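Undergrad: See work19.cif below, with mmCIF, C-alpha atoms.
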```
data_entry
loop_
_atom_site.label_atom_id
_atom_site.label_comp_id
_atom_site.auth_asym_id
_atom_site.auth_seq_id
_atom_site.Cartn_x
_atom_site.Cartn_y
_atom_site.Cartn_z
CA MET A 142 -19.07 -18.88 -6.96
CA GLU A 143 -19.77 -20.99 -10.03
CA GLN A 144 -23.36 -21.51 -8.86
CA MET A 145 -23.77 -17.80 -8.23
CA VAL A 146 -22.51 -16.93 -11.70
CA ALA A 147 -24.76 -19.56 -13.29
CA ALA A 148 -27.76 -18.27 -11.32
CA MET A 149 -27.11 -14.74 -12.61
CA GLY A 150 -27.86 -15.81 -16.18
CA ASP A 151 -27.90 -12.71 -18.37
CA SER A 152 -28.42 -10.48 -15.35
CA THR A 153 -25.73 -8.72 -13.34
CA LYS A 154 -27.23 -9.58 -9.96
CA VAL A 155 -26.74 -12.60 -7.74
CA PRO A 156 -30.00 -13.94 -6.26
CA THR A 157 -30.35 -12.60 -2.71
CA GLU A 158 -30.67 -16.05 -1.16
CA MET A 159 -27.26 -17.02 -2.59
CA ILE A 160 -25.32 -14.15 -1.01
CA PRO A 161 -23.16 -15.52 1.83
CA ARG A 162 -23.83 -14.16 5.31
CA CYS A 163 -21.72 -13.78 8.43
CA PRO A 164 -22.33 -16.73 10.76
CA HIS A 165 -22.15 -14.42 13.79
CA CYS A 166 -24.23 -11.35 12.91
CA GLY A 167 -26.00 -12.38 9.70
CA ALA A 168 -24.67 -9.41 7.74
CA GLU A 169 -24.30 -9.77 4.00
CA ALA A 170 -20.81 -10.67 2.80
CA PHE A 171 -19.16 -8.25 0.40
CA PRO A 172 -15.96 -8.27 -1.63
CA TRP A 173 -13.06 -6.59 0.15
CA VAL A 174 -12.09 -4.41 -2.76
CA ARG A 175 -11.84 -0.72 -3.47
CA GLY A 176 -15.12 0.97 -4.18
CA TYR A 177 -17.20 -0.48 -1.35
CA GLY A 178 -16.21 2.24 1.11
CA ASN A 179 -14.45 -0.12 3.48
CA PHE A 180 -11.17 -1.10 1.82
CA LEU A 181 -8.49 -0.34 4.41
CA GLU A 182 -10.33 2.76 5.61
CA GLY A 183 -11.61 1.43 8.94
CA THR A 184 -10.85 2.90 12.34
CA ARG A 185 -7.60 0.98 12.66
CA TYR A 186 -6.42 2.33 9.30
CA GLN A 187 -7.31 5.88 10.34
CA ARG A 188 -5.52 5.47 13.69
CA GLU A 189 -2.36 4.07 12.07
CA TYR A 190 -2.47 6.71 9.32
CA GLN A 191 -2.58 9.44 11.96
CA LYS A 192 0.34 7.87 13.87
CA ILE A 193 2.59 7.74 10.82
CA SER A 194 1.54 11.23 9.74
CA ASP A 195 2.40 12.60 13.19
CA ASP A 196 5.73 10.75 13.16
CA ILE A 197 6.69 12.11 9.74
CA GLU A 198 5.67 15.63 10.77
CA ASN A 199 7.78 15.33 13.93
CA HIS A 200 10.85 14.36 11.89
CA ILE A 201 10.20 17.16 9.40
CA GLN A 202 10.06 19.69 12.24
CA LYS A 203 13.42 18.43 13.55
CA ASN A 204 14.90 18.46 10.01
CA ASP A 205 15.75 14.76 10.38
CA GLN A 206 16.60 12.50 7.50
CA ILE A 207 13.73 10.22 6.47
CA LEU A 208 14.11 6.91 4.66
CA PHE A 209 11.02 5.43 3.02
CA VAL A 210 11.32 1.69 2.34
CA GLU A 211 8.92 -0.15 0.03
CA LEU A 212 9.26 -3.92 0.33
CA GLY A 213 7.28 -5.88 -2.26
CA VAL A 214 4.86 -3.07 -3.03
CA GLY A 215 3.21 -3.84 -6.35
CA ARG A 216 1.38 -1.69 -8.84
CA MET A 217 -2.17 -2.78 -7.96
CA THR A 218 -2.85 -0.01 -5.45
CA PRO A 219 -0.06 2.57 -5.80
CA MET A 220 -2.15 5.28 -4.14
CA PHE A 221 -1.74 3.68 -0.69
CA ILE A 222 2.05 3.43 -0.40
CA GLN A 223 4.02 4.26 -3.54
CA GLU A 224 2.48 7.54 -4.61
CA PRO A 225 2.49 9.05 -1.09
CA PHE A 226 6.12 7.96 -0.57
CA TRP A 227 7.10 9.38 -3.96
CA ALA A 228 5.32 12.68 -3.27
CA LEU A 229 6.93 12.99 0.17
CA THR A 230 10.35 12.09 -1.22
CA ASN A 231 9.94 14.62 -4.02
CA ASN A 232 8.67 17.45 -1.82
CA LEU A 233 10.60 17.09 1.42
CA PRO A 234 14.30 17.73 2.01
CA ASN A 235 16.42 15.01 3.57
CA THR A 236 14.29 12.15 2.25
CA PHE A 237 15.22 9.03 0.28
CA ASP A 238 13.05 6.19 -1.04
CA VAL A 239 14.24 2.58 -1.44
CA MET A 240 11.96 0.24 -3.40
CA VAL A 241 12.49 -3.53 -3.52
CA ASN A 242 10.27 -5.73 -5.66
CA LYS A 243 10.96 -9.04 -7.40
CA GLU A 244 8.91 -8.09 -10.46
CA TYR A 245 9.21 -4.33 -10.84
CA GLN A 246 12.08 -1.88 -10.97
CA PHE A 247 10.44 1.49 -11.42
CA LEU A 248 11.68 4.81 -10.13
CA PRO A 249 9.82 8.01 -11.07
CA GLU A 250 11.98 10.51 -12.89
CA GLN A 251 11.24 13.29 -10.39
CA ILE A 252 12.94 11.36 -7.56
CA GLU A 253 15.69 9.57 -9.48
CA ASN A 254 18.31 11.47 -7.46
CA LYS A 255 16.52 10.71 -4.16
CA GLY A 256 15.68 7.04 -4.56
CA VAL A 257 16.68 3.63 -5.76
CA ALA A 258 14.60 0.79 -7.20
CA ILE A 259 15.93 -2.73 -6.75
CA LYS A 260 14.49 -5.63 -8.72
CA GLY A 261 15.14 -8.69 -6.60
CA ASP A 262 14.00 -11.06 -3.89
CA ILE A 263 13.43 -9.16 -0.64
CA THR A 264 15.13 -11.79 1.50
CA GLN A 265 18.24 -11.75 -0.66
CA VAL A 266 18.35 -7.96 -0.77
CA LEU A 267 18.04 -7.70 3.02
CA ASP A 268 20.67 -10.42 3.48
CA ASP A 269 22.98 -8.47 1.16
CA VAL A 270 22.38 -5.25 3.14
CA LYS A 271 23.04 -7.07 6.42
CA ALA A 272 26.28 -8.54 5.06
CA ALA A 273 27.40 -5.12 3.83
CA LEU A 274 26.77 -3.56 7.24
#
```
Could you write out this file's structure as structure tokens?
TA:
Amino acid sequence: MEQMVAAMGDSTKVPTEMIPRCPHCGAEAFPWVRGYGNFLEGTRYQREYQKISDDIENHIQKNDQILFVELGVGRMTPMFIQEPFWALTNNLPNTFDVMVNKEYQFLPEQIENKGVAIKGDITQVLDDVKAAL
């Protein structure tokens, strides 16, 4: 990486010959970050997304209670877990959201009566829940 940055000089491009390639297919390596059109949106993601969507819809149709549990979800990509859970909790009856994170204790105002945010170590929190049960 240091050599790539040095080779860039004042430019914003890495010399083509320095871009790592897959040893199997020869394809160019790319950062696995949002914005490249491939961050978590592959076929497996789509398949799993559909499964959970169908499961939630099934429970909604049966008027079941739904508990959303966020374990260690940070603030880097809230649009993948937190914001959908918050929106579902806010908009659906019989839902509750439990968030556990060792660094954050944030609960949106719109779901403060349908959720709880716990700032703590996940292992300790789960041990405490187990002991209470």
Undergrad: Give me, please, the distance in Å between CA of Val239 (chain A) and CA of Gln202 (chain A), quoted to one decimal.
TA: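 Atom-to-atom, CA of Val239 (chain A) to CA of Gln202 (chain A), that is 22.3 Å.
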Undergrad: Record the distance separating CA of Cys163 (chain A) and CA of Met145 (chain A), expressed in Å with one decimal.
TA: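 A separation of 17.3 Å between them.
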Undergrad: Can you pull out every residue within 12 Å of Glu253 (chain A), counting all atoms listed in the file, but drop anything in the same chain fewer than 6 positions away, and send it as a short mmCIF file (atom, residue, chain, number, x, y, z; two decimals) with C-alpha atoms, in the frame of the given file?
TA:
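Saved result, out-v8.cif, follows:
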```
data_model
loop_
_atom_site.label_atom_id
_atom_site.label_comp_id
_atom_site.auth_asym_id
_atom_site.auth_seq_id
_atom_site.Cartn_x
_atom_site.Cartn_y
_atom_site.Cartn_z
CA TRP A 227 7.10 9.38 -3.96
CA THR A 230 10.35 12.09 -1.22
CA ASN A 231 9.94 14.62 -4.02
CA PHE A 237 15.22 9.03 0.28
CA ASP A 238 13.05 6.19 -1.04
CA VAL A 239 14.24 2.58 -1.44
CA MET A 240 11.96 0.24 -3.40
CA PHE A 247 10.44 1.49 -11.42
#
```
Undergrad: Can you list what the PyMOL selection byres ((chain A and resi 255) around 12) grabs from this structure, as an MDAnalysis selection string?
TA: chainID A and resid 206:209 226:240 248:254 256:258
Undergrad: Neighbouring residues of Glu143 (chain A) were defined as those with any atom within 12 Å, considering only C-alpha atoms; residues of the same chain fewer than 6 positions away were excluded. Please report them as a ChimeraX atom specification.
TA: /A:149-150,155,159
Undergrad: CA of Val214 (chain A) and CA of Arg188 (chain A), how far apart in Å?
TA: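 Here the two named atoms are 21.5 Å from each other.
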Undergrad: Choose the residue, out of A:Tyr186, A:Thr264, A:Thr157, A:Val146, that has the smallest atom-to-atom separation from Phe221 (chain A); count all atoms listed in the file.
TA: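 Of all the options, A:Tyr186 lies closest to Phe221 (chain A).
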Undergrad: So which residues touch Leu212 (chain A) within 8 Å, counting all atoms listed in the file, skipping near sequence neighbours fewer than 4 positions away, as a VMD selection string?
TA: chain A and resid 240 to 242 263
Undergrad: Applying the PyMOL selection byres ((chain A and resi 260) around 8) to the file I just gave you, which residues come out? Please list them as a VMD selection string.
TA: chain A and resid 241 to 246 258 to 259 261 to 262
Undergrad: Limit the output to all heavy atoms and give region 204-216 of chain A as a PDB file, in the first residue's frame.
TA:
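Okay, this is what ended up in selection23.pdb:
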```pdb
ATOM      1  N   ASN A 204     -50.064 -11.716  13.279  1.00  0.00           N
ATOM      2  CA  ASN A 204     -50.122 -10.784  14.407  1.00  0.00           C
ATOM      3  C   ASN A 204     -49.251 -11.245  15.574  1.00  0.00           C
ATOM      4  O   ASN A 204     -49.582 -11.043  16.744  1.00  0.00           O
ATOM      5  CB  ASN A 204     -51.565 -10.562  14.855  1.00  0.00           C
ATOM      6  CG  ASN A 204     -51.728  -9.245  15.577  1.00  0.00           C
ATOM      7  OD1 ASN A 204     -51.039  -8.274  15.286  1.00  0.00           O
ATOM      8  ND2 ASN A 204     -52.644  -9.206  16.538  1.00  0.00           N
ATOM      9  N   ASP A 205     -48.133 -11.909  15.254  1.00  0.00           N
ATOM     10  CA  ASP A 205     -47.186 -12.365  16.274  1.00  0.00           C
ATOM     11  C   ASP A 205     -46.398 -11.198  16.835  1.00  0.00           C
ATOM     12  O   ASP A 205     -46.279 -10.137  16.211  1.00  0.00           O
ATOM     13  CB  ASP A 205     -46.172 -13.351  15.664  1.00  0.00           C
ATOM     14  CG  ASP A 205     -46.784 -14.694  15.321  1.00  0.00           C
ATOM     15  OD1 ASP A 205     -47.859 -15.020  15.857  1.00  0.00           O
ATOM     16  OD2 ASP A 205     -46.172 -15.413  14.503  1.00  0.00           O
ATOM     17  N   GLN A 206     -45.826 -11.411  18.000  1.00  0.00           N
ATOM     18  CA  GLN A 206     -44.871 -10.452  18.540  1.00  0.00           C
ATOM     19  C   GLN A 206     -43.530 -10.680  17.854  1.00  0.00           C
ATOM     20  O   GLN A 206     -43.159 -11.815  17.562  1.00  0.00           O
ATOM     21  CB  GLN A 206     -44.715 -10.623  20.045  1.00  0.00           C
ATOM     22  CG  GLN A 206     -45.968 -10.276  20.809  1.00  0.00           C
ATOM     23  CD  GLN A 206     -45.771 -10.407  22.301  1.00  0.00           C
ATOM     24  OE1 GLN A 206     -44.909 -11.135  22.765  1.00  0.00           O
ATOM     25  NE2 GLN A 206     -46.581  -9.694  23.052  1.00  0.00           N
ATOM     26  N   ILE A 207     -42.804  -9.590  17.581  1.00  0.00           N
ATOM     27  CA  ILE A 207     -41.503  -9.674  16.930  1.00  0.00           C
ATOM     28  C   ILE A 207     -40.485  -8.935  17.781  1.00  0.00           C
ATOM     29  O   ILE A 207     -40.705  -7.785  18.164  1.00  0.00           O
ATOM     30  CB  ILE A 207     -41.527  -9.073  15.509  1.00  0.00           C
ATOM     31  CG1 ILE A 207     -42.554  -9.799  14.632  1.00  0.00           C
ATOM     32  CG2 ILE A 207     -40.134  -9.132  14.876  1.00  0.00           C
ATOM     33  CD1 ILE A 207     -42.770  -9.155  13.269  1.00  0.00           C
ATOM     34  N   LEU A 208     -39.385  -9.605  18.070  1.00  0.00           N
ATOM     35  CA  LEU A 208     -38.282  -8.996  18.815  1.00  0.00           C
ATOM     36  C   LEU A 208     -37.087  -8.860  17.885  1.00  0.00           C
ATOM     37  O   LEU A 208     -36.589  -9.843  17.340  1.00  0.00           O
ATOM     38  CB  LEU A 208     -37.895  -9.863  20.016  1.00  0.00           C
ATOM     39  CG  LEU A 208     -36.657  -9.413  20.799  1.00  0.00           C
ATOM     40  CD1 LEU A 208     -36.896  -8.056  21.455  1.00  0.00           C
ATOM     41  CD2 LEU A 208     -36.279 -10.459  21.834  1.00  0.00           C
ATOM     42  N   PHE A 209     -36.641  -7.630  17.679  1.00  0.00           N
ATOM     43  CA  PHE A 209     -35.429  -7.370  16.912  1.00  0.00           C
ATOM     44  C   PHE A 209     -34.286  -7.235  17.912  1.00  0.00           C
ATOM     45  O   PHE A 209     -34.420  -6.523  18.911  1.00  0.00           O
ATOM     46  CB  PHE A 209     -35.555  -6.092  16.076  1.00  0.00           C
ATOM     47  CG  PHE A 209     -36.625  -6.179  15.029  1.00  0.00           C
ATOM     48  CD1 PHE A 209     -37.829  -5.511  15.187  1.00  0.00           C
ATOM     49  CD2 PHE A 209     -36.431  -6.946  13.894  1.00  0.00           C
ATOM     50  CE1 PHE A 209     -38.820  -5.599  14.225  1.00  0.00           C
ATOM     51  CE2 PHE A 209     -37.425  -7.041  12.920  1.00  0.00           C
ATOM     52  CZ  PHE A 209     -38.625  -6.368  13.090  1.00  0.00           C
ATOM     53  N   VAL A 210     -33.180  -7.908  17.665  1.00  0.00           N
ATOM     54  CA  VAL A 210     -32.036  -7.874  18.570  1.00  0.00           C
ATOM     55  C   VAL A 210     -30.804  -7.442  17.779  1.00  0.00           C
ATOM     56  O   VAL A 210     -30.431  -8.085  16.799  1.00  0.00           O
ATOM     57  CB  VAL A 210     -31.775  -9.249  19.220  1.00  0.00           C
ATOM     58  CG1 VAL A 210     -30.583  -9.181  20.161  1.00  0.00           C
ATOM     59  CG2 VAL A 210     -33.017  -9.730  19.956  1.00  0.00           C
ATOM     60  N   GLU A 211     -30.195  -6.345  18.207  1.00  0.00           N
ATOM     61  CA  GLU A 211     -28.975  -5.837  17.588  1.00  0.00           C
ATOM     62  C   GLU A 211     -27.826  -6.101  18.557  1.00  0.00           C
ATOM     63  O   GLU A 211     -27.782  -5.520  19.632  1.00  0.00           O
ATOM     64  CB  GLU A 211     -29.075  -4.340  17.339  1.00  0.00           C
ATOM     65  CG  GLU A 211     -30.234  -3.905  16.466  1.00  0.00           C
ATOM     66  CD  GLU A 211     -30.333  -2.388  16.392  1.00  0.00           C
ATOM     67  OE1 GLU A 211     -29.286  -1.714  16.446  1.00  0.00           O
ATOM     68  OE2 GLU A 211     -31.459  -1.881  16.285  1.00  0.00           O
ATOM     69  N   LEU A 212     -26.917  -6.964  18.174  1.00  0.00           N
ATOM     70  CA  LEU A 212     -25.770  -7.277  19.026  1.00  0.00           C
ATOM     71  C   LEU A 212     -24.504  -6.707  18.407  1.00  0.00           C
ATOM     72  O   LEU A 212     -24.038  -7.198  17.376  1.00  0.00           O
ATOM     73  CB  LEU A 212     -25.633  -8.790  19.228  1.00  0.00           C
ATOM     74  CG  LEU A 212     -26.800  -9.483  19.909  1.00  0.00           C
ATOM     75  CD1 LEU A 212     -26.588 -10.993  19.948  1.00  0.00           C
ATOM     76  CD2 LEU A 212     -27.007  -8.933  21.313  1.00  0.00           C
ATOM     77  N   GLY A 213     -23.971  -5.660  19.000  1.00  0.00           N
ATOM     78  CA  GLY A 213     -22.713  -5.077  18.544  1.00  0.00           C
ATOM     79  C   GLY A 213     -22.809  -4.295  17.255  1.00  0.00           C
ATOM     80  O   GLY A 213     -21.801  -4.049  16.604  1.00  0.00           O
ATOM     81  N   VAL A 214     -24.001  -3.890  16.876  1.00  0.00           N
ATOM     82  CA  VAL A 214     -24.157  -3.121  15.642  1.00  0.00           C
ATOM     83  C   VAL A 214     -23.670  -1.702  15.895  1.00  0.00           C
ATOM     84  O   VAL A 214     -24.158  -1.016  16.781  1.00  0.00           O
ATOM     85  CB  VAL A 214     -25.630  -3.108  15.175  1.00  0.00           C
ATOM     86  CG1 VAL A 214     -25.798  -2.246  13.942  1.00  0.00           C
ATOM     87  CG2 VAL A 214     -26.115  -4.524  14.931  1.00  0.00           C
ATOM     88  N   GLY A 215     -22.697  -1.287  15.105  1.00  0.00           N
ATOM     89  CA  GLY A 215     -22.130   0.054  15.264  1.00  0.00           C
ATOM     90  C   GLY A 215     -22.821   1.075  14.388  1.00  0.00           C
ATOM     91  O   GLY A 215     -23.847   0.807  13.771  1.00  0.00           O
ATOM     92  N   ARG A 216     -22.242   2.247  14.310  1.00  0.00           N
ATOM     93  CA  ARG A 216     -22.844   3.344  13.570  1.00  0.00           C
ATOM     94  C   ARG A 216     -22.232   3.533  12.179  1.00  0.00           C
ATOM     95  O   ARG A 216     -22.552   4.487  11.489  1.00  0.00           O
ATOM     96  CB  ARG A 216     -22.712   4.637  14.374  1.00  0.00           C
ATOM     97  CG  ARG A 216     -23.431   4.622  15.708  1.00  0.00           C
ATOM     98  CD  ARG A 216     -24.930   4.511  15.576  1.00  0.00           C
ATOM     99  NE  ARG A 216     -25.461   5.636  14.827  1.00  0.00           N
ATOM    100  CZ  ARG A 216     -26.560   5.586  14.086  1.00  0.00           C
ATOM    101  NH1 ARG A 216     -27.234   4.475  13.989  1.00  0.00           N
ATOM    102  NH2 ARG A 216     -26.971   6.642  13.429  1.00  0.00           N
TER     103      ARG A 216
END
```
